[in-house]
>>> print(open('final.tsv').read())   # TSV, C-alpha atoms
chain	number	residue	atom	x	y	z
A	617	MET	CA	-2.39	16.57	-15.95
A	618	ILE	CA	-1.86	20.33	-16.11
A	619	ILE	CA	0.68	21.77	-18.53
A	620	TYR	CA	2.37	24.91	-17.18
A	621	PRO	CA	4.03	26.76	-20.08
A	622	THR	CA	6.91	28.53	-18.42
A	623	LEU	CA	8.42	31.99	-18.71
A	624	GLU	CA	11.79	32.57	-17.05
A	625	LEU	CA	12.61	36.26	-16.88
A	626	GLN	CA	15.96	38.03	-16.60
A	627	ASN	CA	16.41	41.75	-17.30
A	628	GLY	CA	12.93	41.84	-18.83
A	629	ARG	CA	13.79	39.10	-21.33
A	630	CYS	CA	12.71	35.50	-21.73
A	631	VAL	CA	15.62	33.20	-20.96
A	632	THR	CA	16.27	29.56	-20.18
A	633	LEU	CA	19.11	28.06	-18.18
A	634	HIS	CA	21.23	24.96	-18.53
A	635	ARG	CA	21.28	23.15	-15.18
A	636	GLY	CA	20.51	26.30	-13.27
A	637	ARG	CA	23.46	28.44	-14.38
A	638	LEU	CA	22.18	31.99	-13.99
A	639	GLU	CA	25.37	33.40	-15.46
A	640	GLU	CA	24.92	31.52	-18.77
A	641	PRO	CA	21.33	32.10	-19.91
A	642	SER	CA	20.00	31.33	-23.35
A	643	ILE	CA	18.16	34.49	-24.45
A	644	TRP	CA	14.97	34.19	-26.51
A	645	HIS	CA	14.16	37.33	-28.49
A	646	VAL	CA	10.42	37.35	-27.93
A	647	ASP	CA	8.09	39.67	-26.04
A	648	PRO	CA	7.22	38.07	-22.66
A	649	VAL	CA	3.67	39.44	-22.53
A	650	GLU	CA	2.89	38.46	-26.13
A	651	THR	CA	4.37	35.03	-25.48
A	652	ALA	CA	2.19	34.59	-22.40
A	653	GLN	CA	-0.86	35.65	-24.41
A	654	GLY	CA	0.10	33.08	-27.03
A	655	PHE	CA	0.17	30.40	-24.34
A	656	ALA	CA	-3.35	31.43	-23.31
A	657	GLU	CA	-4.59	31.39	-26.91
A	658	ALA	CA	-3.19	27.86	-27.31
A	659	GLY	CA	-5.43	26.74	-24.44
A	660	ALA	CA	-3.22	26.94	-21.37
A	661	GLU	CA	-5.09	27.46	-18.10
A	662	TRP	CA	-1.96	28.14	-16.04
A	663	ILE	CA	1.34	29.90	-16.75
A	664	HIS	CA	4.40	29.54	-14.55
A	665	VAL	CA	6.69	32.59	-14.30
A	666	THR	CA	10.11	32.62	-12.62
A	667	ASP	CA	11.95	35.86	-11.86
A	668	PHE	CA	15.66	35.08	-12.13
A	669	ASP	CA	16.70	38.60	-11.17
A	670	ALA	CA	14.86	38.18	-7.87
A	671	VAL	CA	16.53	34.78	-7.42
A	672	ASP	CA	19.95	36.36	-7.94
A	673	GLY	CA	19.17	39.41	-5.82
A	674	THR	CA	20.16	41.74	-8.66
A	675	GLY	CA	16.73	43.24	-9.39
A	676	GLU	CA	13.21	42.14	-10.17
A	677	ASN	CA	10.66	41.84	-12.96
A	678	THR	CA	7.64	42.62	-10.81
A	679	ALA	CA	5.97	45.12	-13.15
A	680	LEU	CA	6.36	42.75	-16.10
A	681	ILE	CA	4.87	39.84	-14.17
A	682	GLU	CA	1.98	42.05	-13.03
A	683	THR	CA	1.26	42.82	-16.68
A	684	ILE	CA	1.27	39.11	-17.50
A	685	ILE	CA	-1.17	38.46	-14.64
A	686	GLU	CA	-3.47	41.27	-15.79
A	687	HIS	CA	-3.50	40.63	-19.54
A	688	THR	CA	-3.30	36.90	-20.25
A	689	GLY	CA	-6.51	35.60	-18.73
A	690	CYS	CA	-4.60	32.63	-17.30
A	691	SER	CA	-3.91	31.79	-13.69
A	692	VAL	CA	-0.26	32.62	-12.98
A	693	GLN	CA	2.09	30.70	-10.69
A	694	VAL	CA	4.92	32.99	-9.57
A	695	ALA	CA	8.37	31.81	-8.48
A	696	GLY	CA	11.81	33.20	-7.86
A	697	GLY	CA	13.37	34.97	-4.90
A	698	ILE	CA	10.19	35.12	-2.82
A	699	ARG	CA	11.71	34.92	0.65
A	700	THR	CA	9.63	37.10	2.97
A	701	ARG	CA	6.10	37.07	4.31
A	702	ASP	CA	5.45	40.54	2.85
A	703	ARG	CA	6.56	39.41	-0.59
A	704	VAL	CA	4.19	36.44	-0.52
A	705	GLU	CA	1.28	38.59	0.61
A	706	SER	CA	2.12	41.19	-2.02
A	707	TRP	CA	1.98	38.66	-4.87
A	708	ILE	CA	-1.33	37.30	-3.64
A	709	ASP	CA	-2.70	40.84	-3.51
A	710	LYS	CA	-1.46	41.39	-7.08
A	711	GLY	CA	-3.54	38.47	-8.28
A	712	ALA	CA	-1.03	35.62	-8.50
A	713	GLY	CA	-2.83	32.29	-8.38
A	714	ARG	CA	-0.02	30.48	-6.61
A	715	ILE	CA	3.29	31.36	-4.99
A	716	VAL	CA	6.27	28.99	-5.18
A	717	LEU	CA	8.52	28.85	-2.11
A	718	GLY	CA	11.75	26.88	-1.94
A	719	THR	CA	14.71	28.59	-0.25
A	720	ILE	CA	12.60	30.19	2.48
A	721	ALA	CA	10.80	26.87	3.03
A	722	ALA	CA	14.16	25.31	3.96
A	723	ARG	CA	15.34	28.29	6.04
A	724	ASP	CA	12.15	29.30	7.85
A	725	PRO	CA	9.69	26.42	7.77
A	726	ALA	CA	7.58	27.88	10.60
A	727	MET	CA	6.81	30.98	8.52
A	728	VAL	CA	6.03	29.00	5.38
A	729	LYS	CA	3.76	26.63	7.29
A	730	GLU	CA	1.89	29.62	8.70
A	731	LEU	CA	1.51	31.05	5.19
A	732	ALA	CA	0.29	27.71	3.84
A	733	ASN	CA	-2.39	27.56	6.54
A	734	ARG	CA	-3.38	31.18	5.96
A	735	HIS	CA	-3.54	30.76	2.16
A	736	PRO	CA	-4.69	27.19	1.51
A	737	ASP	CA	-4.10	25.90	-2.02
A	738	GLN	CA	-2.01	28.94	-2.96
A	739	ILE	CA	1.44	27.95	-1.70
A	740	VAL	CA	3.57	25.58	-3.78
A	741	LEU	CA	6.52	23.92	-2.07
A	742	ALA	CA	9.62	23.74	-4.30
A	743	ALA	CA	12.10	20.90	-3.92
A	744	ASP	CA	15.13	21.47	-6.17
A	745	VAL	CA	17.34	18.38	-6.24
A	746	TRP	CA	20.89	18.00	-7.54
A	747	GLN	CA	22.70	14.68	-7.19
A	748	GLY	CA	20.34	13.68	-4.41
A	749	GLN	CA	20.77	16.90	-2.43
A	750	LEU	CA	18.19	19.56	-1.73
A	751	MET	CA	19.42	22.90	-3.10
A	752	THR	CA	18.54	26.51	-2.24
A	753	ASP	CA	19.48	30.05	-3.33
A	754	GLY	CA	18.92	29.58	-7.02
A	755	TRP	CA	20.17	26.00	-7.01
A	756	ARG	CA	23.58	27.02	-5.68
A	757	ASN	CA	23.67	25.90	-2.03
A	758	PRO	CA	22.98	22.44	-0.62
A	759	VAL	CA	21.20	22.13	2.71
A	760	ALA	CA	21.52	19.48	5.39
A	761	ILE	CA	17.95	18.16	5.17
A	762	THR	CA	17.29	15.45	2.59
A	763	PRO	CA	14.63	15.94	-0.09
A	764	GLU	CA	12.66	13.11	1.50
A	765	ASP	CA	12.66	14.68	4.98
A	766	PHE	CA	11.92	18.10	3.50
A	767	LEU	CA	8.75	16.81	1.85
A	768	ALA	CA	7.76	14.90	4.98
A	769	SER	CA	8.04	18.04	7.12
A	770	TYR	CA	5.26	19.67	5.06
A	771	ALA	CA	3.06	16.61	4.79
A	772	ASP	CA	0.06	17.84	6.76
A	773	LEU	CA	-0.29	21.32	5.25
A	774	PRO	CA	-2.89	22.53	2.71
A	775	LEU	CA	-0.33	23.14	-0.05
A	776	ALA	CA	-1.46	23.70	-3.62
A	777	SER	CA	1.22	21.34	-4.87
A	778	VAL	CA	4.86	20.31	-4.63
A	779	LEU	CA	7.17	21.38	-7.47
A	780	ILE	CA	10.05	18.96	-7.95
A	781	THR	CA	12.99	19.98	-10.14
A	782	ASP	CA	15.69	17.53	-11.14
A	783	ILE	CA	18.49	20.06	-11.71
A	784	ASP	CA	20.93	17.46	-12.94
A	785	SER	CA	18.50	15.88	-15.38
A	786	ASP	CA	20.15	14.28	-18.37
A	787	ILE	CA	18.29	14.38	-21.66
A	788	GLU	CA	20.03	11.14	-22.66
A	789	GLN	CA	18.90	9.28	-19.52
A	790	PRO	CA	15.16	9.91	-19.19
A	791	ASP	CA	14.59	6.72	-17.19
A	792	ALA	CA	17.02	7.80	-14.45
A	793	GLN	CA	15.44	11.23	-14.43
A	794	LEU	CA	11.94	9.86	-14.05
A	795	GLY	CA	13.15	7.42	-11.39
A	796	LEU	CA	14.00	10.27	-9.02
A	797	LEU	CA	10.76	12.04	-9.76
A	798	SER	CA	8.68	8.89	-9.30
A	799	LYS	CA	10.41	8.13	-5.99
A	800	LEU	CA	9.80	11.58	-4.51
A	801	ALA	CA	6.24	11.79	-5.86
A	802	GLY	CA	5.48	8.56	-4.06
A	803	LEU	CA	6.57	10.06	-0.74
A	804	THR	CA	4.09	12.95	-0.61
A	805	ARG	CA	0.31	13.05	-0.41
A	806	HIS	CA	0.36	16.37	-2.25
A	807	GLN	CA	-0.01	16.51	-6.00
A	808	VAL	CA	3.34	16.94	-7.73
A	809	ILE	CA	4.39	19.24	-10.56
A	810	ALA	CA	7.48	18.08	-12.44
A	811	ALA	CA	10.13	20.46	-13.76
A	812	GLY	CA	13.15	19.86	-15.95
A	813	THR	CA	11.81	16.65	-17.45
A	814	VAL	CA	10.07	17.58	-20.72
A	815	HIS	CA	12.34	17.79	-23.75
A	816	GLU	CA	9.97	16.31	-26.34
A	817	LEU	CA	6.31	15.40	-26.62
A	818	ASP	CA	6.84	11.79	-25.57
A	819	ASP	CA	8.07	13.03	-22.18
A	820	VAL	CA	4.61	14.45	-21.49
A	821	ALA	CA	3.08	11.05	-22.19
A	822	ARG	CA	5.58	9.37	-19.84
A	823	LEU	CA	4.83	11.77	-17.01
A	824	LYS	CA	1.11	11.28	-17.39
A	825	TYR	CA	1.40	7.71	-16.18
A	826	ILE	CA	3.62	8.30	-13.14
A	827	PRO	CA	1.44	8.13	-10.01
A	828	ASN	CA	0.79	11.45	-8.26
A	829	ILE	CA	2.15	13.64	-11.07
A	830	ALA	CA	-0.49	16.30	-11.60
A	831	GLY	CA	1.39	18.68	-13.88
A	832	THR	CA	4.62	19.65	-15.57
A	833	LEU	CA	6.47	22.84	-16.42
A	834	ILE	CA	7.58	23.22	-20.04
A	835	GLY	CA	9.92	26.06	-20.93
A	836	ARG	CA	12.94	25.55	-23.18
A	837	ALA	CA	11.20	22.88	-25.25
A	838	LEU	CA	8.46	25.36	-26.20
A	839	PHE	CA	10.89	28.13	-27.13
A	840	SER	CA	13.08	25.79	-29.18
A	841	LYS	CA	9.90	24.39	-30.81
A	842	ASN	CA	10.78	20.84	-29.81
A	843	VAL	CA	7.31	20.72	-28.24
A	844	ASP	CA	4.12	22.31	-29.56
A	845	LEU	CA	1.99	23.60	-26.67
A	846	GLY	CA	-1.31	22.63	-28.30
A	847	GLU	CA	-0.09	19.07	-28.81
A	848	ALA	CA	1.24	18.88	-25.24
A	849	LEU	CA	-2.10	20.05	-23.87
A	850	ALA	CA	-3.88	17.41	-25.93
A	851	VAL	CA	-1.60	14.62	-24.68
A	852	ALA	CA	-2.02	15.77	-21.08
A	853	ARG	CA	-5.82	15.67	-21.16
A	854	PRO	CA	-7.46	12.73	-19.40
A	855	ALA	CA	-8.24	9.84	-21.68
A	856	PRO	CA	-11.99	9.48	-22.22
A	857	GLU	CA	-13.59	6.73	-20.17
A	858	PRO	CA	-14.87	3.82	-22.25
A	859	LYS	CA	-18.63	3.86	-22.59
A	860	ALA	CA	-20.79	0.79	-22.61
A	861	GLU	CA	-22.76	0.26	-25.78
A	862	PHE	CA	-26.46	-0.26	-25.41
A	863	ILE	CA	-28.55	-1.95	-28.05
>>> encode(input="final.tsv", output="C-alpha coordinates")
Amino acid sequence: MIIYPTLELQNGRCVTLHRGRLEEPSIWHVDPVETAQGFAEAGAEWIHVTDFDAVDGTGENTALIETIIEHTGCSVQVAGGIRTRDRVESWIDKGAGRIVLGTIAARDPAMVKELANRHPDQIVLAADVWQGQLMTDGWRNPVAITPEDFLASYADLPLASVLITDIDSDIEQPDAQLGLLSKLAGLTRHQVIAAGTVHELDDVARLKYIPNIAGTLIGRALFSKNVDLGEALAVARPAPEPKAEFI
(Lines of atoms letter the chains of each structure in order from A and count residues from 1; the text may use other names and numbers.)
(Lines give C-alpha, C1' and ligand atoms only; values in the text may rest on other atoms or scores of the structure.)
Protein backbone atom coordinates (compact mmCIF):
# COMPACT_ATOMS: atom_id res chain seq x y z
CA MET A 1 0.00 0.00 0.00
CA ILE A 2 1.31 3.43 -0.94
CA ILE A 3 1.34 6.21 1.64
CA TYR A 4 0.74 9.65 0.10
CA PRO A 5 1.84 12.33 2.60
CA THR A 6 -0.38 15.24 1.75
CA LEU A 7 0.14 18.98 1.41
CA GLU A 8 -2.95 21.17 1.18
CA LEU A 9 -2.05 24.69 0.10
CA GLN A 10 -3.90 27.97 0.61
CA ASN A 11 -2.26 31.37 0.10
CA GLY A 12 1.13 29.66 -0.05
CA ARG A 13 0.64 28.04 3.36
CA CYS A 14 0.10 24.48 4.51
CA VAL A 15 -3.44 24.08 5.82
CA THR A 16 -5.89 21.34 6.67
CA LEU A 17 -9.67 21.48 6.64
CA HIS A 18 -12.38 20.08 8.87
CA ARG A 19 -14.95 18.33 6.67
CA GLY A 20 -14.03 20.39 3.66
CA ARG A 21 -14.69 23.87 5.06
CA LEU A 22 -12.43 26.11 2.99
CA GLU A 23 -13.40 29.14 5.05
CA GLU A 24 -12.13 27.58 8.31
CA PRO A 25 -8.65 26.20 7.62
CA SER A 26 -6.19 25.10 10.26
CA ILE A 27 -2.91 26.82 9.37
CA TRP A 28 0.39 25.00 9.92
CA HIS A 29 3.37 27.33 10.19
CA VAL A 30 5.83 25.26 8.19
CA ASP A 31 7.54 25.78 4.85
CA PRO A 32 5.72 23.71 2.18
CA VAL A 33 8.85 22.90 0.17
CA GLU A 34 10.89 21.94 3.23
CA THR A 35 7.98 19.84 4.46
CA ALA A 36 7.78 18.04 1.12
CA GLN A 37 11.53 17.42 1.23
CA GLY A 38 11.10 16.00 4.72
CA PHE A 39 8.48 13.59 3.39
CA ALA A 40 10.96 12.45 0.74
CA GLU A 41 13.74 12.02 3.30
CA ALA A 42 11.41 9.87 5.41
CA GLY A 43 11.07 7.50 2.47
CA ALA A 44 7.91 8.63 0.69
CA GLU A 45 7.79 7.78 -3.02
CA TRP A 46 4.70 9.89 -3.73
CA ILE A 47 3.41 13.22 -2.40
CA HIS A 48 -0.15 14.41 -2.89
CA VAL A 49 -0.65 18.19 -3.22
CA THR A 50 -4.03 19.95 -3.28
CA ASP A 51 -4.38 23.60 -4.29
CA PHE A 52 -7.30 24.98 -2.29
CA ASP A 53 -7.05 28.42 -3.89
CA ALA A 54 -7.62 26.81 -7.28
CA VAL A 55 -10.54 24.85 -5.82
CA ASP A 56 -12.09 28.07 -4.54
CA GLY A 57 -11.33 30.03 -7.70
CA THR A 58 -9.56 32.74 -5.70
CA GLY A 59 -6.02 32.17 -6.98
CA GLU A 60 -3.49 29.40 -7.37
CA ASN A 61 -0.28 27.97 -5.94
CA THR A 62 1.14 26.80 -9.25
CA ALA A 63 4.67 28.17 -8.81
CA LEU A 64 4.92 26.63 -5.33
CA ILE A 65 3.75 23.24 -6.57
CA GLU A 66 6.21 23.42 -9.46
CA THR A 67 9.00 23.96 -6.93
CA ILE A 68 7.82 20.93 -4.96
CA ILE A 69 7.83 18.83 -8.15
CA GLU A 70 11.33 20.01 -9.07
CA HIS A 71 13.05 19.76 -5.68
CA THR A 72 11.67 16.81 -3.72
CA GLY A 73 12.66 13.85 -5.86
CA CYS A 74 9.23 12.30 -5.28
CA SER A 75 6.47 11.70 -7.76
CA VAL A 76 3.77 14.32 -7.17
CA GLN A 77 0.03 13.82 -7.50
CA VAL A 78 -1.66 17.19 -8.09
CA ALA A 79 -5.27 18.00 -7.21
CA GLY A 80 -7.53 20.99 -6.82
CA GLY A 81 -9.47 23.09 -9.30
CA ILE A 82 -8.16 21.32 -12.41
CA ARG A 83 -11.18 21.70 -14.66
CA THR A 84 -9.93 22.21 -18.21
CA ARG A 85 -8.06 20.16 -20.77
CA ASP A 86 -5.33 22.81 -20.99
CA ARG A 87 -4.82 22.74 -17.23
CA VAL A 88 -4.39 18.97 -17.24
CA GLU A 89 -1.93 19.09 -20.12
CA SER A 90 -0.04 21.92 -18.44
CA TRP A 91 0.46 19.96 -15.21
CA ILE A 92 1.66 16.91 -17.12
CA ASP A 93 4.13 19.12 -19.01
CA LYS A 94 5.33 20.53 -15.67
CA GLY A 95 6.23 17.05 -14.49
CA ALA A 96 3.28 16.06 -12.32
CA GLY A 97 3.11 12.29 -11.99
CA ARG A 98 -0.67 12.16 -11.74
CA ILE A 99 -3.57 14.58 -12.07
CA VAL A 100 -6.68 14.25 -9.88
CA LEU A 101 -10.00 15.11 -11.53
CA GLY A 102 -13.31 15.22 -9.68
CA THR A 103 -15.63 18.13 -10.51
CA ILE A 104 -14.83 18.10 -14.22
CA ALA A 105 -15.23 14.31 -14.28
CA ALA A 106 -18.85 14.76 -13.17
CA ARG A 107 -19.53 17.73 -15.48
CA ASP A 108 -17.71 16.69 -18.65
CA PRO A 109 -17.10 12.95 -18.59
CA ALA A 110 -16.41 12.80 -22.34
CA MET A 111 -13.42 15.13 -21.96
CA VAL A 112 -12.05 13.29 -18.93
CA LYS A 113 -12.41 9.93 -20.65
CA GLU A 114 -10.49 11.30 -23.63
CA LEU A 115 -7.75 12.56 -21.31
CA ALA A 116 -7.58 9.21 -19.51
CA ASN A 117 -7.09 7.42 -22.83
CA ARG A 118 -4.50 9.94 -23.98
CA HIS A 119 -2.57 9.80 -20.69
CA PRO A 120 -2.92 6.24 -19.38
CA ASP A 121 -2.06 5.76 -15.70
CA GLN A 122 -1.79 9.51 -15.10
CA ILE A 123 -5.41 10.47 -14.43
CA VAL A 124 -6.90 9.82 -10.99
CA LEU A 125 -10.68 9.91 -10.67
CA ALA A 126 -11.85 11.62 -7.47
CA ALA A 127 -15.10 10.57 -5.81
CA ASP A 128 -15.89 12.88 -2.88
CA VAL A 129 -18.81 11.50 -0.86
CA TRP A 130 -20.89 13.22 1.81
CA GLN A 131 -23.84 11.41 3.40
CA GLY A 132 -23.99 9.07 0.43
CA GLN A 133 -23.97 11.84 -2.18
CA LEU A 134 -21.29 12.60 -4.74
CA MET A 135 -20.04 16.17 -4.23
CA THR A 136 -18.29 18.64 -6.55
CA ASP A 137 -16.89 22.18 -6.47
CA GLY A 138 -14.74 21.78 -3.41
CA TRP A 139 -17.20 19.47 -1.67
CA ARG A 140 -19.97 22.08 -1.77
CA ASN A 141 -22.44 20.90 -4.44
CA PRO A 142 -24.16 17.53 -4.72
CA VAL A 143 -24.74 16.04 -8.17
CA ALA A 144 -27.52 13.79 -9.39
CA ILE A 145 -25.35 10.76 -10.20
CA THR A 146 -24.68 8.34 -7.35
CA PRO A 147 -21.10 7.52 -6.33
CA GLU A 148 -21.72 3.95 -7.50
CA ASP A 149 -22.86 4.99 -10.98
CA PHE A 150 -20.07 7.56 -11.21
CA LEU A 151 -17.43 4.89 -10.64
CA ALA A 152 -19.18 2.50 -13.04
CA SER A 153 -19.15 5.11 -15.82
CA TYR A 154 -15.32 5.12 -15.76
CA ALA A 155 -14.89 1.38 -15.37
CA ASP A 156 -13.20 0.62 -18.68
CA LEU A 157 -10.65 3.45 -18.74
CA PRO A 158 -6.88 3.24 -18.06
CA LEU A 159 -7.05 5.36 -14.90
CA ALA A 160 -4.10 5.49 -12.52
CA SER A 161 -6.43 5.08 -9.56
CA VAL A 162 -9.67 6.19 -7.93
CA LEU A 163 -9.41 8.56 -4.96
CA ILE A 164 -12.32 8.15 -2.56
CA THR A 165 -12.88 10.77 0.13
CA ASP A 166 -15.39 10.28 2.92
CA ILE A 167 -16.06 13.96 3.67
CA ASP A 168 -18.32 13.22 6.59
CA SER A 169 -15.94 10.76 8.22
CA ASP A 170 -16.26 10.57 11.97
CA ILE A 171 -13.12 9.89 13.97
CA GLU A 172 -15.26 8.21 16.63
CA GLN A 173 -16.89 5.80 14.15
CA PRO A 174 -14.05 4.26 12.15
CA ASP A 175 -16.05 1.13 11.32
CA ALA A 176 -18.81 3.14 9.61
CA GLN A 177 -16.19 5.14 7.77
CA LEU A 178 -14.41 2.06 6.50
CA GLY A 179 -17.74 0.47 5.58
CA LEU A 180 -18.39 3.14 2.93
CA LEU A 181 -14.85 2.90 1.64
CA SER A 182 -14.93 -0.89 1.50
CA LYS A 183 -18.26 -0.85 -0.35
CA LEU A 184 -17.11 1.58 -3.03
CA ALA A 185 -13.70 -0.07 -3.40
CA GLY A 186 -15.48 -3.32 -4.13
CA LEU A 187 -17.38 -1.74 -7.02
CA THR A 188 -14.38 -0.69 -9.13
CA ARG A 189 -11.67 -2.68 -10.86
CA HIS A 190 -9.30 0.26 -10.42
CA GLN A 191 -7.01 0.47 -7.44
CA VAL A 192 -8.37 2.78 -4.77
CA ILE A 193 -6.67 5.50 -2.74
CA ALA A 194 -8.44 6.37 0.51
CA ALA A 195 -8.67 9.90 1.88
CA GLY A 196 -9.99 11.22 5.16
CA THR A 197 -9.60 7.93 7.00
CA VAL A 198 -6.21 8.01 8.74
CA HIS A 199 -6.19 9.66 12.16
CA GLU A 200 -3.72 7.33 13.90
CA LEU A 201 -1.28 4.59 12.97
CA ASP A 202 -3.78 1.79 13.53
CA ASP A 203 -5.93 3.23 10.73
CA VAL A 204 -3.14 2.48 8.26
CA ALA A 205 -3.11 -1.14 9.40
CA ARG A 206 -6.91 -1.36 9.00
CA LEU A 207 -6.82 0.01 5.47
CA LYS A 208 -4.09 -2.40 4.46
CA TYR A 209 -6.48 -5.31 4.77
CA ILE A 210 -9.45 -3.85 2.90
CA PRO A 211 -9.57 -5.42 -0.58
CA ASN A 212 -8.58 -3.15 -3.46
CA ILE A 213 -7.17 -0.35 -1.29
CA ALA A 214 -3.80 0.47 -2.82
CA GLY A 215 -2.96 3.66 -0.95
CA THR A 216 -4.03 6.36 1.46
CA LEU A 217 -3.57 10.10 1.83
CA ILE A 218 -2.31 11.30 5.22
CA GLY A 219 -2.33 15.02 5.95
CA ARG A 220 -3.59 16.41 9.25
CA ALA A 221 -2.37 13.39 11.22
CA LEU A 222 1.20 14.04 10.06
CA PHE A 223 1.09 17.76 10.88
CA SER A 224 -0.44 17.15 14.30
CA LYS A 225 2.15 14.39 14.88
CA ASN A 226 -0.54 11.82 15.61
CA VAL A 227 1.12 9.71 12.92
CA ASP A 228 4.84 9.40 12.19
CA LEU A 229 5.44 9.08 8.44
CA GLY A 230 8.30 6.61 8.82
CA GLU A 231 6.14 4.34 10.97
CA ALA A 232 3.21 4.63 8.55
CA LEU A 233 5.44 3.67 5.63
CA ALA A 234 6.70 0.66 7.57
CA VAL A 235 3.17 -0.51 8.39
CA ALA A 236 2.08 -0.07 4.77
CA ARG A 237 4.86 -2.21 3.33
CA PRO A 238 3.88 -5.70 2.19
CA ALA A 239 4.41 -8.36 4.80
CA PRO A 240 7.29 -10.67 3.86
CA GLU A 241 6.19 -13.99 2.42
CA PRO A 242 6.98 -16.96 4.67
CA LYS A 243 9.94 -18.95 3.42
CA ALA A 244 10.21 -22.69 3.61
CA GLU A 245 13.10 -23.95 5.68
CA PHE A 246 15.39 -26.44 4.05
CA ILE A 247 17.59 -28.78 6.02
>>> closest_residue(input="final.tsv", among="A:Glu661, A:Glu764, A:Glu676, A:Asp744", to="Met617 of chain A", atoms="all atoms listed in the file")
A:Glu661
>>> closest_residue(input="final.tsv", among="A:Arg734, A:Ala852, A:His815, A:Leu633", to="Ala837 of chain A", atoms="all atoms listed in the file")
A:His815
>>> closest_residue(input="final.tsv", among="A:Thr688, A:Asn677, A:Thr632, A:Thr813", to="Gly654 of chain A", atoms="all atoms listed in the file")
A:Thr688
>>> closest_residue(input="final.tsv", among="A:Asp737, A:Leu817, A:Gly812, A:Gly713", to="Leu845 of chain A", atoms="all atoms listed in the file")
A:Leu817
>>> atom_distance(input="final.tsv", atom1="atom CA of Asn757 of chain A", atom2="atom CA of Phe839 of chain A")
28.3 Å
>>> residues_around(input="final.tsv", residues="Ser691 of chain A", least_positions_apart="3", cutoff="9 Å", atoms="only C-alpha atoms", output="JSON, numbers by chain")
{"A": [661, 662, 663, 664, 685, 688, 711, 712, 713, 714]}
>>> residues_around(input="final.tsv", residues="Trp746 of chain A", least_positions_apart="5", cutoff="10 Å", atoms="only C-alpha atoms", output="list of chain:residue names")
A:Arg635, A:Met751, A:Trp755, A:Arg756, A:Pro758, A:Pro763, A:Thr781, A:Asp782, A:Ile783, A:Asp784, A:Ser785
>>> residues_around(input="final.tsv", residues="Trp707 of chain A", least_positions_apart="5", cutoff="10 Å", atoms="all atoms listed in the file", output="list of chain:residue names")
A:Thr678, A:Ile681, A:Glu682, A:Gln693, A:Val694, A:Ile698, A:Asp702, A:Ala712, A:Gly713, A:Arg714, A:Ile715
>>> closest_residue(input="final.tsv", among="A:Thr651, A:Ser642, A:Gln626, A:Gln807", to="Phe668 of chain A", atoms="only C-alpha atoms")
A:Gln626
>>> atom_distance(input="final.tsv", atom1="atom CA of Leu717 of chain A", atom2="atom CA of Leu849 of chain A")
25.8 Å
>>> closest_residue(input="final.tsv", among="A:Ala695, A:Ser706, A:Ala811, A:Phe655", to="Gly846 of chain A", atoms="only C-alpha atoms")
A:Phe655
>>> atom_distance(input="final.tsv", atom1="atom CA of Arg836 of chain A", atom2="atom CA of Leu794 of chain A")
18.2 Å
>>> residues_around(input="final.tsv", residues="Phe766 of chain A", least_positions_apart="5", cutoff="10 Å", atoms="all atoms listed in the file", output="list in words")
Ala721, Ala722, Pro725, Leu741, Ala742, Ala743, Leu750, Ala760, Ile761 and Ala771 of chain A
>>> residues_near_point(input="final.tsv", point="(20.4, 31.5, -6.6)", cutoff="10 Å", atoms="only C-alpha atoms", output="PDB file with C-alpha atoms, in the coordinates of the input")
ATOM      1  CA  GLY A 636      20.510  26.300 -13.270  1.00  0.00           C
ATOM      2  CA  ARG A 637      23.460  28.440 -14.380  1.00  0.00           C
ATOM      3  CA  LEU A 638      22.180  31.990 -13.990  1.00  0.00           C
ATOM      4  CA  PHE A 668      15.660  35.080 -12.130  1.00  0.00           C
ATOM      5  CA  ASP A 669      16.700  38.600 -11.170  1.00  0.00           C
ATOM      6  CA  ALA A 670      14.860  38.180  -7.870  1.00  0.00           C
ATOM      7  CA  VAL A 671      16.530  34.780  -7.420  1.00  0.00           C
ATOM      8  CA  ASP A 672      19.950  36.360  -7.940  1.00  0.00           C
ATOM      9  CA  GLY A 673      19.170  39.410  -5.820  1.00  0.00           C
ATOM     10  CA  GLY A 696      11.810  33.200  -7.860  1.00  0.00           C
ATOM     11  CA  GLY A 697      13.370  34.970  -4.900  1.00  0.00           C
ATOM     12  CA  THR A 719      14.710  28.590  -0.250  1.00  0.00           C
ATOM     13  CA  MET A 751      19.420  22.900  -3.100  1.00  0.00           C
ATOM     14  CA  THR A 752      18.540  26.510  -2.240  1.00  0.00           C
ATOM     15  CA  ASP A 753      19.480  30.050  -3.330  1.00  0.00           C
ATOM     16  CA  GLY A 754      18.920  29.580  -7.020  1.00  0.00           C
ATOM     17  CA  TRP A 755      20.170  26.000  -7.010  1.00  0.00           C
ATOM     18  CA  ARG A 756      23.580  27.020  -5.680  1.00  0.00           C
ATOM     19  CA  ASN A 757      23.670  25.900  -2.030  1.00  0.00           C
TER      20      ASN A 757
END
